[in-house]
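This is model-v3.cif (mmCIF, C-alpha atoms and all ligand atoms).
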```cif
data_input
loop_
_atom_site.label_atom_id
_atom_site.label_comp_id
_atom_site.auth_asym_id
_atom_site.auth_seq_id
_atom_site.Cartn_x
_atom_site.Cartn_y
_atom_site.Cartn_z
CA MET A 1 266.23 0.68 -43.89
CA ARG A 2 265.04 0.80 -40.29
CA ARG A 3 262.99 3.74 -39.04
CA GLU A 4 261.83 4.07 -35.47
CA CYS A 5 258.24 5.24 -35.36
CA SER A 6 256.64 2.93 -32.82
CA PRO A 7 258.04 4.43 -29.56
CA VAL A 8 256.38 7.75 -30.46
CA ARG A 9 253.07 5.95 -30.79
CA ARG A 10 253.53 3.97 -27.55
CA GLU A 11 254.13 7.13 -25.52
CA ARG A 12 251.15 8.82 -27.14
CA ASP A 13 248.86 5.95 -26.35
CA ALA A 14 249.95 6.06 -22.73
CA ILE A 15 248.04 9.31 -22.12
CA SER A 16 244.62 8.71 -20.67
CA ASP A 17 241.64 11.09 -20.64
CA ALA A 18 241.88 11.40 -16.85
CA ASP A 19 245.48 12.51 -17.15
CA GLU A 20 244.50 14.99 -19.83
CA ALA A 21 241.90 16.52 -17.54
CA ALA A 22 244.46 16.83 -14.76
CA GLY A 23 246.99 18.39 -17.13
CA THR A 24 249.51 15.62 -16.48
CA THR A 25 250.86 12.88 -18.70
CA ALA A 26 250.62 9.26 -17.66
CA SER A 27 254.25 9.03 -18.57
CA ALA A 28 256.14 11.66 -16.59
CA ALA A 29 259.02 10.89 -18.94
CA VAL A 30 257.48 12.94 -21.76
CA ALA A 31 258.38 16.64 -21.88
CA VAL A 32 256.80 17.62 -25.20
CA GLU A 33 254.21 15.69 -27.11
CA VAL A 34 253.10 16.52 -30.62
CA ARG A 35 250.19 14.69 -32.22
CA GLY A 36 248.94 14.95 -35.80
CA LEU A 37 250.28 18.50 -36.08
CA ASN A 38 249.62 20.47 -39.26
CA LYS A 39 250.52 24.03 -40.16
CA ARG A 40 249.18 25.94 -43.10
CA TYR A 41 250.30 29.58 -43.24
CA GLN A 42 247.84 32.29 -44.33
CA SER A 43 249.57 32.38 -47.70
CA GLY A 44 248.16 28.87 -48.22
CA PHE A 45 251.59 27.23 -47.87
CA THR A 46 251.60 24.00 -45.86
CA ALA A 47 254.74 24.05 -43.71
CA LEU A 48 254.07 20.97 -41.53
CA ARG A 49 252.18 17.77 -42.27
CA ASP A 50 250.99 15.28 -39.64
CA ILE A 51 253.90 15.61 -37.23
CA ASN A 52 253.96 13.08 -34.37
CA LEU A 53 256.78 13.38 -31.91
CA SER A 54 257.51 12.78 -28.24
CA ILE A 55 260.46 14.51 -26.61
CA ARG A 56 261.63 12.70 -23.51
CA ARG A 57 262.27 14.58 -20.31
CA GLY A 58 265.96 15.32 -19.85
CA GLU A 59 267.11 14.38 -23.34
CA ILE A 60 268.94 16.46 -25.92
CA PHE A 61 266.95 16.18 -29.12
CA GLY A 62 268.58 17.32 -32.37
CA LEU A 63 266.10 18.48 -35.01
CA LEU A 64 267.77 18.48 -38.41
CA GLY A 65 266.54 19.43 -41.86
CA PRO A 66 267.42 21.59 -44.84
CA ASN A 67 266.46 25.29 -45.11
CA GLY A 68 262.70 25.72 -45.22
CA ALA A 69 261.98 22.19 -43.95
CA GLY A 70 259.77 23.47 -41.10
CA LYS A 71 262.04 23.33 -38.03
CA THR A 72 261.42 26.90 -36.85
CA THR A 73 257.72 26.57 -37.58
CA LEU A 74 257.54 23.48 -35.36
CA ILE A 75 259.51 25.11 -32.54
CA ASN A 76 257.52 28.33 -32.75
CA ILE A 77 254.25 26.40 -32.53
CA ILE A 78 255.40 24.52 -29.42
CA CYS A 79 256.54 27.82 -27.88
CA GLY A 80 253.20 29.53 -28.64
CA ILE A 81 254.55 32.05 -31.17
CA VAL A 82 252.88 30.53 -34.24
CA THR A 83 249.34 29.08 -34.17
CA LEU A 84 248.83 25.50 -35.27
CA SER A 85 246.28 24.64 -37.96
CA GLY A 86 245.49 21.13 -36.74
CA GLY A 87 246.57 18.54 -34.20
CA GLN A 88 247.63 18.92 -30.60
CA VAL A 89 250.75 19.83 -28.65
CA ARG A 90 251.35 19.27 -24.95
CA VAL A 91 254.19 20.50 -22.79
CA ALA A 92 254.64 18.69 -19.48
CA GLY A 93 251.13 17.35 -20.02
CA TYR A 94 249.53 20.78 -20.52
CA ASP A 95 247.86 21.78 -23.77
CA ILE A 96 249.71 24.66 -25.43
CA GLN A 97 246.49 26.44 -26.35
CA ARG A 98 244.21 25.72 -23.40
CA ASP A 99 246.91 25.94 -20.72
CA TYR A 100 249.27 28.38 -22.43
CA ARG A 101 250.38 30.05 -19.18
CA GLU A 102 251.54 26.71 -17.77
CA THR A 103 253.33 25.69 -20.95
CA ARG A 104 255.05 29.00 -21.61
CA ARG A 105 256.60 29.35 -18.20
CA ARG A 106 258.21 25.92 -18.57
CA ILE A 107 259.78 26.82 -21.89
CA GLY A 108 262.81 28.91 -22.83
CA LEU A 109 263.45 29.78 -26.46
CA VAL A 110 266.63 31.00 -28.09
CA PRO A 111 265.13 32.19 -31.38
CA GLN A 112 266.83 31.95 -34.76
CA GLU A 113 266.33 35.67 -35.45
CA LEU A 114 267.97 38.35 -33.31
CA THR A 115 265.25 40.54 -31.81
CA ASN A 116 266.64 42.69 -29.05
CA GLU A 117 265.52 45.85 -27.36
CA ALA A 118 268.14 48.34 -28.60
CA PHE A 119 268.10 50.83 -25.71
CA GLU A 120 267.72 48.45 -22.78
CA THR A 121 270.77 47.29 -20.87
CA VAL A 122 271.68 43.63 -20.65
CA TRP A 123 270.74 43.56 -16.97
CA THR A 124 267.28 45.17 -17.41
CA THR A 125 266.53 42.93 -20.36
CA LEU A 126 267.21 39.89 -18.21
CA THR A 127 265.41 41.01 -15.06
CA TYR A 128 262.40 42.11 -17.11
CA SER A 129 262.31 38.81 -18.96
CA ARG A 130 262.43 36.82 -15.69
CA GLY A 131 259.64 39.00 -14.24
CA LEU A 132 257.45 38.38 -17.30
CA PHE A 133 257.20 34.75 -16.28
CA GLY A 134 256.18 35.63 -12.74
CA LYS A 135 259.48 34.50 -11.20
CA ALA A 136 260.74 36.27 -8.07
CA PRO A 137 263.88 38.38 -8.66
CA ASP A 138 267.09 36.44 -8.15
CA ALA A 139 270.17 38.58 -8.75
CA ASP A 140 272.56 35.74 -7.84
CA TYR A 141 271.06 33.43 -10.44
CA LEU A 142 271.21 36.09 -13.17
CA GLU A 143 274.77 36.99 -12.20
CA GLY A 144 275.80 33.34 -12.53
CA LEU A 145 274.09 33.13 -15.90
CA LEU A 146 275.85 36.24 -17.22
CA LYS A 147 279.19 34.98 -15.94
CA ASP A 148 278.65 31.58 -17.60
CA LEU A 149 278.07 33.40 -20.87
CA SER A 150 280.99 35.83 -20.42
CA LEU A 151 278.57 38.78 -20.35
CA TRP A 152 279.07 40.02 -16.81
CA GLU A 153 281.37 42.87 -17.89
CA LYS A 154 278.69 44.02 -20.31
CA ARG A 155 275.75 43.96 -17.91
CA HIS A 156 275.33 47.75 -17.99
CA SER A 157 275.76 48.08 -21.76
CA GLN A 158 272.79 48.84 -23.96
CA MET A 159 271.88 46.08 -26.36
CA MET A 160 272.79 48.22 -29.37
CA GLN A 161 276.33 48.57 -27.99
CA LEU A 162 276.93 44.82 -28.20
CA SER A 163 278.45 42.81 -31.02
CA GLY A 164 276.37 40.25 -32.92
CA GLY A 165 277.82 37.33 -30.96
CA MET A 166 277.20 39.13 -27.65
CA LYS A 167 273.57 39.79 -28.63
CA ARG A 168 273.20 36.10 -29.27
CA ARG A 169 274.63 35.37 -25.82
CA VAL A 170 272.01 37.73 -24.34
CA LEU A 171 269.29 35.79 -26.17
CA ILE A 172 270.56 32.63 -24.50
CA ALA A 173 270.66 34.33 -21.09
CA LYS A 174 267.15 35.69 -21.68
CA ALA A 175 265.81 32.25 -22.58
CA LEU A 176 267.25 30.91 -19.31
CA SER A 177 266.31 33.89 -17.12
CA HIS A 178 263.16 32.20 -15.76
CA GLU A 179 264.83 28.80 -15.20
CA PRO A 180 262.80 26.81 -17.76
CA ASP A 181 262.53 23.01 -17.72
CA ILE A 182 262.62 22.84 -21.50
CA LEU A 183 264.99 24.83 -23.67
CA PHE A 184 264.65 25.31 -27.41
CA LEU A 185 267.76 26.40 -29.26
CA ASP A 186 266.96 27.35 -32.86
CA GLU A 187 270.33 27.47 -34.62
CA PRO A 188 272.06 29.07 -31.65
CA THR A 189 275.53 28.80 -33.13
CA ALA A 190 274.83 30.17 -36.62
CA GLY A 191 277.57 32.68 -37.35
CA VAL A 192 279.12 32.71 -33.88
CA ASP A 193 282.78 32.34 -32.97
CA VAL A 194 284.52 29.28 -31.54
CA ASP A 195 284.44 30.68 -27.97
CA LEU A 196 280.70 31.19 -27.89
CA ARG A 197 280.13 27.80 -29.40
CA ARG A 198 282.29 26.19 -26.71
CA ASP A 199 280.63 28.24 -23.90
CA MET A 200 277.23 27.35 -25.23
CA TRP A 201 277.81 23.65 -25.37
CA ASN A 202 279.30 23.69 -21.88
CA LEU A 203 276.20 25.51 -20.71
CA VAL A 204 273.95 23.00 -22.47
CA ARG A 205 275.81 20.08 -20.86
CA GLY A 206 275.40 21.74 -17.45
CA LEU A 207 271.69 22.27 -18.04
CA ARG A 208 271.24 18.70 -19.06
CA ARG A 209 272.95 17.53 -15.88
CA ARG A 210 270.32 19.54 -13.99
CA GLY A 211 267.57 17.69 -15.88
CA VAL A 212 266.64 20.37 -18.43
CA THR A 213 265.23 19.00 -21.70
CA ILE A 214 266.94 20.51 -24.74
CA ILE A 215 265.69 20.67 -28.31
CA LEU A 216 268.15 22.11 -30.78
CA THR A 217 268.30 22.76 -34.48
CA THR A 218 271.59 23.24 -36.23
CA HIS A 219 273.08 23.11 -39.69
CA TYR A 220 276.41 22.11 -38.12
CA ILE A 221 275.64 18.43 -38.10
CA GLU A 222 278.78 17.61 -36.13
CA GLU A 223 277.23 19.54 -33.22
CA ALA A 224 274.22 17.25 -33.25
CA GLU A 225 276.55 14.28 -33.58
CA GLU A 226 278.41 15.40 -30.48
CA MET A 227 275.51 16.64 -28.35
CA ALA A 228 272.23 14.93 -29.21
CA ASP A 229 270.80 11.76 -27.68
CA ARG A 230 268.19 11.43 -30.41
CA ILE A 231 267.86 12.85 -33.87
CA GLY A 232 264.76 13.89 -35.79
CA VAL A 233 264.95 14.74 -39.47
CA ILE A 234 262.37 17.02 -41.12
CA ARG A 235 262.10 17.31 -44.87
CA ASP A 236 259.43 19.32 -46.73
CA GLY A 237 257.27 19.63 -43.63
CA GLU A 238 257.35 15.93 -42.78
CA LEU A 239 259.19 14.22 -39.96
CA ILE A 240 260.89 11.45 -41.89
CA LEU A 241 262.90 9.92 -39.07
CA VAL A 242 263.24 9.88 -35.28
CA GLN A 243 265.97 7.70 -33.90
CA ASP A 244 268.52 7.25 -31.18
CA LYS A 245 271.70 8.85 -32.52
CA ARG A 246 273.98 5.87 -31.91
CA GLU A 247 271.46 3.47 -33.38
CA LEU A 248 271.05 5.72 -36.40
CA MET A 249 274.77 5.82 -36.99
CA ARG A 250 275.00 2.08 -36.59
CA SER A 251 272.07 1.25 -38.86
CA LEU A 252 272.55 3.84 -41.60
CA GLY A 253 276.27 4.47 -41.31
CA SER A 254 278.90 2.56 -43.16
CA LYS A 255 282.52 1.73 -42.53
CA ILE A 256 285.43 1.47 -44.92
CA VAL A 257 288.49 -0.70 -44.32
CA THR A 258 291.49 0.27 -46.42
CA LEU A 259 294.37 -2.17 -46.76
CA GLU A 260 297.66 -0.69 -47.97
CA LEU A 261 299.67 -3.29 -49.84
CA VAL A 262 303.43 -3.68 -49.79
CA ARG A 263 303.53 -4.36 -53.56
CA PRO A 264 301.03 -2.87 -56.03
CA LEU A 265 298.53 -5.27 -57.58
CA GLY A 266 298.26 -5.79 -61.35
CA GLN A 267 294.85 -7.40 -61.14
CA LEU A 268 292.38 -7.90 -58.28
CA PRO A 269 292.20 -11.61 -57.32
CA GLU A 270 288.79 -13.14 -58.07
CA ALA A 271 288.26 -14.22 -54.42
CA LEU A 272 288.49 -10.57 -53.30
CA ALA A 273 286.36 -9.21 -56.15
CA ARG A 274 283.64 -11.70 -55.17
CA LEU A 275 283.58 -10.26 -51.63
CA GLY A 276 283.03 -6.77 -53.01
CA VAL A 277 286.58 -5.53 -52.41
CA GLN A 278 287.68 -2.72 -54.71
CA CYS A 279 291.18 -1.95 -55.89
CA GLU A 280 292.23 1.69 -56.07
CA PRO A 281 293.92 2.92 -59.28
CA GLY A 282 297.63 2.21 -58.96
CA GLY A 283 296.90 -1.08 -57.20
CA ARG A 284 298.40 -0.03 -53.83
CA GLU A 285 295.15 0.00 -51.85
CA LEU A 286 292.22 -2.35 -51.37
CA ARG A 287 288.92 -0.96 -50.06
CA TYR A 288 286.05 -2.77 -48.45
CA HIS A 289 282.78 -0.96 -47.59
CA PHE A 290 280.37 -2.46 -45.08
CA THR A 291 277.51 -1.36 -42.86
CA ALA A 292 278.32 -1.44 -39.18
CA ASP A 293 275.24 -3.62 -38.60
CA GLY A 294 275.19 -5.99 -41.51
CA ASP A 295 278.73 -7.33 -41.86
CA ALA A 296 278.42 -10.88 -40.61
CA GLY A 297 282.03 -12.00 -40.84
CA GLY A 298 282.72 -9.97 -44.01
CA VAL A 299 285.89 -8.31 -42.76
CA ASP A 300 287.21 -11.63 -41.53
CA ALA A 301 286.54 -13.24 -44.95
CA VAL A 302 288.31 -10.35 -46.70
CA LEU A 303 291.38 -10.70 -44.48
CA ARG A 304 291.52 -14.45 -45.11
CA ALA A 305 291.15 -13.97 -48.87
CA VAL A 306 293.97 -11.41 -48.79
CA GLN A 307 296.22 -13.89 -47.05
CA GLN A 308 295.25 -16.77 -49.35
CA SER A 309 295.95 -14.58 -52.37
CA GLY A 310 299.52 -14.18 -51.10
CA LEU A 311 299.25 -10.42 -50.62
CA THR A 312 301.24 -8.65 -47.91
CA VAL A 313 299.55 -5.80 -46.06
CA HIS A 314 301.65 -2.83 -45.02
CA ASP A 315 298.98 -0.85 -43.11
CA VAL A 316 295.26 -0.89 -42.30
CA HIS A 317 292.89 2.07 -41.84
CA THR A 318 289.21 2.15 -40.96
CA ARG A 319 286.84 5.08 -41.41
CA GLU A 320 283.23 5.49 -40.26
CA SER A 321 280.63 7.64 -41.99
CA SER A 322 279.65 10.73 -40.06
CA LEU A 323 276.15 11.83 -39.11
CA GLU A 324 276.59 14.51 -41.78
CA GLN A 325 277.02 11.91 -44.53
CA ILE A 326 273.98 10.01 -43.25
CA PHE A 327 271.97 13.24 -43.12
CA VAL A 328 272.92 14.27 -46.66
CA ARG A 329 271.83 10.86 -47.90
CA LEU A 330 268.53 11.01 -46.00
CA VAL A 331 267.46 14.43 -47.18
CA GLY A 332 268.64 13.66 -50.70
CA GLU A 333 266.32 10.66 -50.98
CA GLN A 334 263.15 11.12 -52.97
CA PRO A 335 259.94 11.37 -50.92
CA GLY A 336 258.71 7.82 -50.46
CA ASP A 337 262.18 6.26 -50.31
CA ALA A 338 262.23 6.71 -46.58
CA GLN A 339 259.11 4.64 -45.84
N1 LIG B 401 254.82 33.55 -42.02
C1 LIG B 401 254.95 32.69 -43.03
N2 LIG B 401 254.08 32.71 -44.07
C2 LIG B 401 254.19 31.84 -45.10
N3 LIG B 401 255.14 30.89 -45.19
C3 LIG B 401 256.03 30.82 -44.18
C4 LIG B 401 255.99 31.72 -43.07
N4 LIG B 401 257.01 31.39 -42.22
C5 LIG B 401 257.66 30.36 -42.80
N5 LIG B 401 257.08 30.02 -43.97
C6 LIG B 401 257.48 28.94 -44.87
O1 LIG B 401 257.42 27.70 -44.19
C7 LIG B 401 258.49 26.85 -44.58
C8 LIG B 401 259.26 26.40 -43.35
O2 LIG B 401 259.93 27.52 -42.78
P1 LIG B 401 260.78 27.38 -41.45
O3 LIG B 401 261.24 28.74 -41.07
O4 LIG B 401 259.98 26.61 -40.48
O5 LIG B 401 261.99 26.48 -41.99
P2 LIG B 401 263.32 26.00 -41.24
O6 LIG B 401 263.36 24.52 -41.34
O7 LIG B 401 263.40 26.61 -39.91
O8 LIG B 401 264.44 26.58 -42.21
P3 LIG B 401 265.90 27.23 -41.88
O9 LIG B 401 266.84 26.08 -41.78
O10 LIG B 401 266.17 28.06 -43.10
O11 LIG B 401 265.79 28.04 -40.65
C9 LIG B 401 259.34 27.67 -45.58
O12 LIG B 401 258.96 27.29 -46.89
C10 LIG B 401 258.94 29.10 -45.30
O13 LIG B 401 259.03 29.90 -46.46
MG MG B 402 264.68 27.94 -39.02
#
```
Can you dump the structure from the file as structure tokens?
Ligand SMILES: Nc1ncnc2c1ncn2[C@@H]1O[C@H](COP(=O)(O)OP(=O)(O)OP(=O)(O)O)[C@@H](O)[C@H]1O
Ligand SMILES: [Mg+2]
Amino acid sequence: MRRECSPVRRERDAISDADEAAGTTASAAVAVEVRGLNKRYQSGFTALRDINLSIRRGEIFGLLGPNGAGKTTLINIICGIVTLSGGQVRVAGYDIQRDYRETRRRIGLVPQELTNEAFETVWTTLTYSRGLFGKAPDADYLEGLLKDLSLWEKRHSQMMQLSGGMKRRVLIAKALSHEPDILFLDEPTAGVDVDLRRDMWNLVRGLRRRGVTIILTTHYIEEAEEMADRIGVIRDGELILVQDKRELMRSLGSKIVTLELVRPLGQLPEALARLGVQCEPGGRELRYHFTADGDAGGVDAVLRAVQQSGLTVHDVHTRESSLEQIFVRLVGEQPGDAQ
């Protein structure tokens, strides 16, 4: 099983001491860099172990993992909300502890938990949030943002007068109020309706076109499948995989070819059994599983064997495994399997 670890290391090694002193990375292509990160909460629980990760500027990075894996902990550390126990994190080349002002103003966070100021209006919440980051007021920008999120009509409403989905939209608007270069979305679509989900992904696509780097966590794996350029999987506080999404689906995904036969088979011909073809109960369908990468001529051999066995095919279907199936397999593996 192929795991991509080396690019993370190459980018890390590219940072020189001189660049560190200047607060810049040698590779301007790196937005967030995490090295040897550990987190042990006060309770004594270790939530993250030796995380190494480089997020490229302008990419959409999907961080996946089961409940309690450490996704929010990692995001909150990068955003300066939770303190790290060991290791180093840089944002746009700046250290998140030493240069926290620089790093925080570049980051926007849509947190997993709803924490809104009940009596403030939508508009004051947004203008205040923008001001916090030292940005000059820009009513046009905030108006555009609220319109994009279908919140313009509600701009004078108090937060407590909004529905749950609307509050979540305000969190997104708040995270974008200071025009960050890097946006973290921690399960932004948990429990929201189809409209918000669609609006949000349109917004994310627009942000990406403008060069914003996006890091998202979601339990709706099909969202990551649709949106992300690269995927990282965390399990029990360890980053077990970082890979280009398409490459991941090619290398770990599988395909199934189903051949529907005109006449049901009594017994599977030996030539087909030898190729790993299976016959479904009833004998009407033949199935052949193969990995998208490793099938050197297998499908062709199966089709020839079918013909030589005198079988007539009525219809053919192919199906590819989804990112969700790959993910379930990955997180279900025992620790150590993934090395
Ligand atoms: N303040 C804390 N003190 C002690 N343990 C904590 C604290 N916050 C989180 N944890 C623990 O750290 C682990 C990782 O939690 P985290 O919130 O990062 O998971 P997650 O991957 O975001 O999960 P989810 O998908 O449920 O949001 C969990 O076991 C959690 O109980
Ligand atoms: Mg979380």
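Every protein or nucleic acid residue with an atom no more than 10 Å from Met227 of chain A, counting all atoms listed in the file and leaving out same-chain residues fewer than 4 positions away, appears here: Ile60, Phe61, Gly62, Trp201, Val204, Arg205, Leu216, Ile221, Glu222, Glu223 and Lys245 of chain A.
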Interatomic distance, atom CA of Leu132 of chain A to atom CA of Ile107 of chain A (Å, one decimal): 12.7 Å
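Residues in contact with segment 169-175 of chain A at 8 Å, where all atoms listed in the file are counted and same-chain residues fewer than 4 positions away are skipped, are listed as A:Gly108, A:Leu109, A:Val110, A:Pro111, A:Leu114, A:Asn116, A:Val122, A:Thr125, A:Leu126, A:Ser129, A:Arg130, A:Leu145, A:Leu146, A:Leu149, A:Leu151, A:Gly165, A:Pro180, A:Leu183, A:Leu196.
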Shell around segment 87-104 of chain A at 7 Å using all atoms listed in the file, local window under 3 positions removed, as number ranges by chain: A: 23-25, 30-38, 78-80, 107
Please, could you write that set of residues out with C-alpha atoms as a tab-separated table (two decimals), in the frame of the given file?
```
chain	number	residue	atom	x	y	z
A	23	GLY	CA	246.99	18.39	-17.13
A	24	THR	CA	249.51	15.62	-16.48
A	25	THR	CA	250.86	12.88	-18.70
A	30	VAL	CA	257.48	12.94	-21.76
A	31	ALA	CA	258.38	16.64	-21.88
A	32	VAL	CA	256.80	17.62	-25.20
A	33	GLU	CA	254.21	15.69	-27.11
A	34	VAL	CA	253.10	16.52	-30.62
A	35	ARG	CA	250.19	14.69	-32.22
A	36	GLY	CA	248.94	14.95	-35.80
A	37	LEU	CA	250.28	18.50	-36.08
A	38	ASN	CA	249.62	20.47	-39.26
A	78	ILE	CA	255.40	24.52	-29.42
A	79	CYS	CA	256.54	27.82	-27.88
A	80	GLY	CA	253.20	29.53	-28.64
A	107	ILE	CA	259.78	26.82	-21.89
```
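For ligand MG 402 (chain B), the neighbouring protein, DNA and RNA residues, which are those within 7 Å when all atoms listed in the file are counted, are Asn67, Gly68, Gly70, Lys71, Thr72, Gln112 and Asp186 of chain A.
The smallest atom-to-atom distance between ligand LIG 401 (chain B) and any of A:Asp236, A:Asp315, A:Glu117, A:Asp140, using all atoms listed in the file, is found for A:Asp236.
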Residues within 12 Å of ligand LIG 401 (chain B), counting only C-alpha atoms and all ligand atoms, as a ChimeraX atom specification: /A:38-49,63-77,81-83,111-113,185-188,190,216-220,233-239
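The interatomic distance for the pair atom CA of Leu248 of chain A and atom CA of Arg210 of chain A works out to 26.3 Å.
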Distance query 12 Å from (299.1, -7.9, -53.3) using all atoms listed in the file, result as a VMD selection string: chain A and resid 259 to 269 272 279 282 to 286 305 to 314
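Reported to one decimal place, the separation of atom CA of Asp244 of chain A from atom CA of Val331 of chain A is 17.6 Å.
Distance annotation: of A:His178, A:Arg197, A:Lys255, A:Arg250, the residue with the minimal separation from Pro137 of chain A is A:His178; atom set is all atoms listed in the file.
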Centre and edge lengths of an axis-aligned box around all listed atoms of segment 276-283 of chain A, with 8 Å added on each side, are to be given in Å to one decimal, as lines of an AutoDock Vina configuration file.
```
center_x = 290.3
center_y = -1.9
center_z = -55.8
size_x = 30.6
size_y = 25.7
size_z = 22.9
```
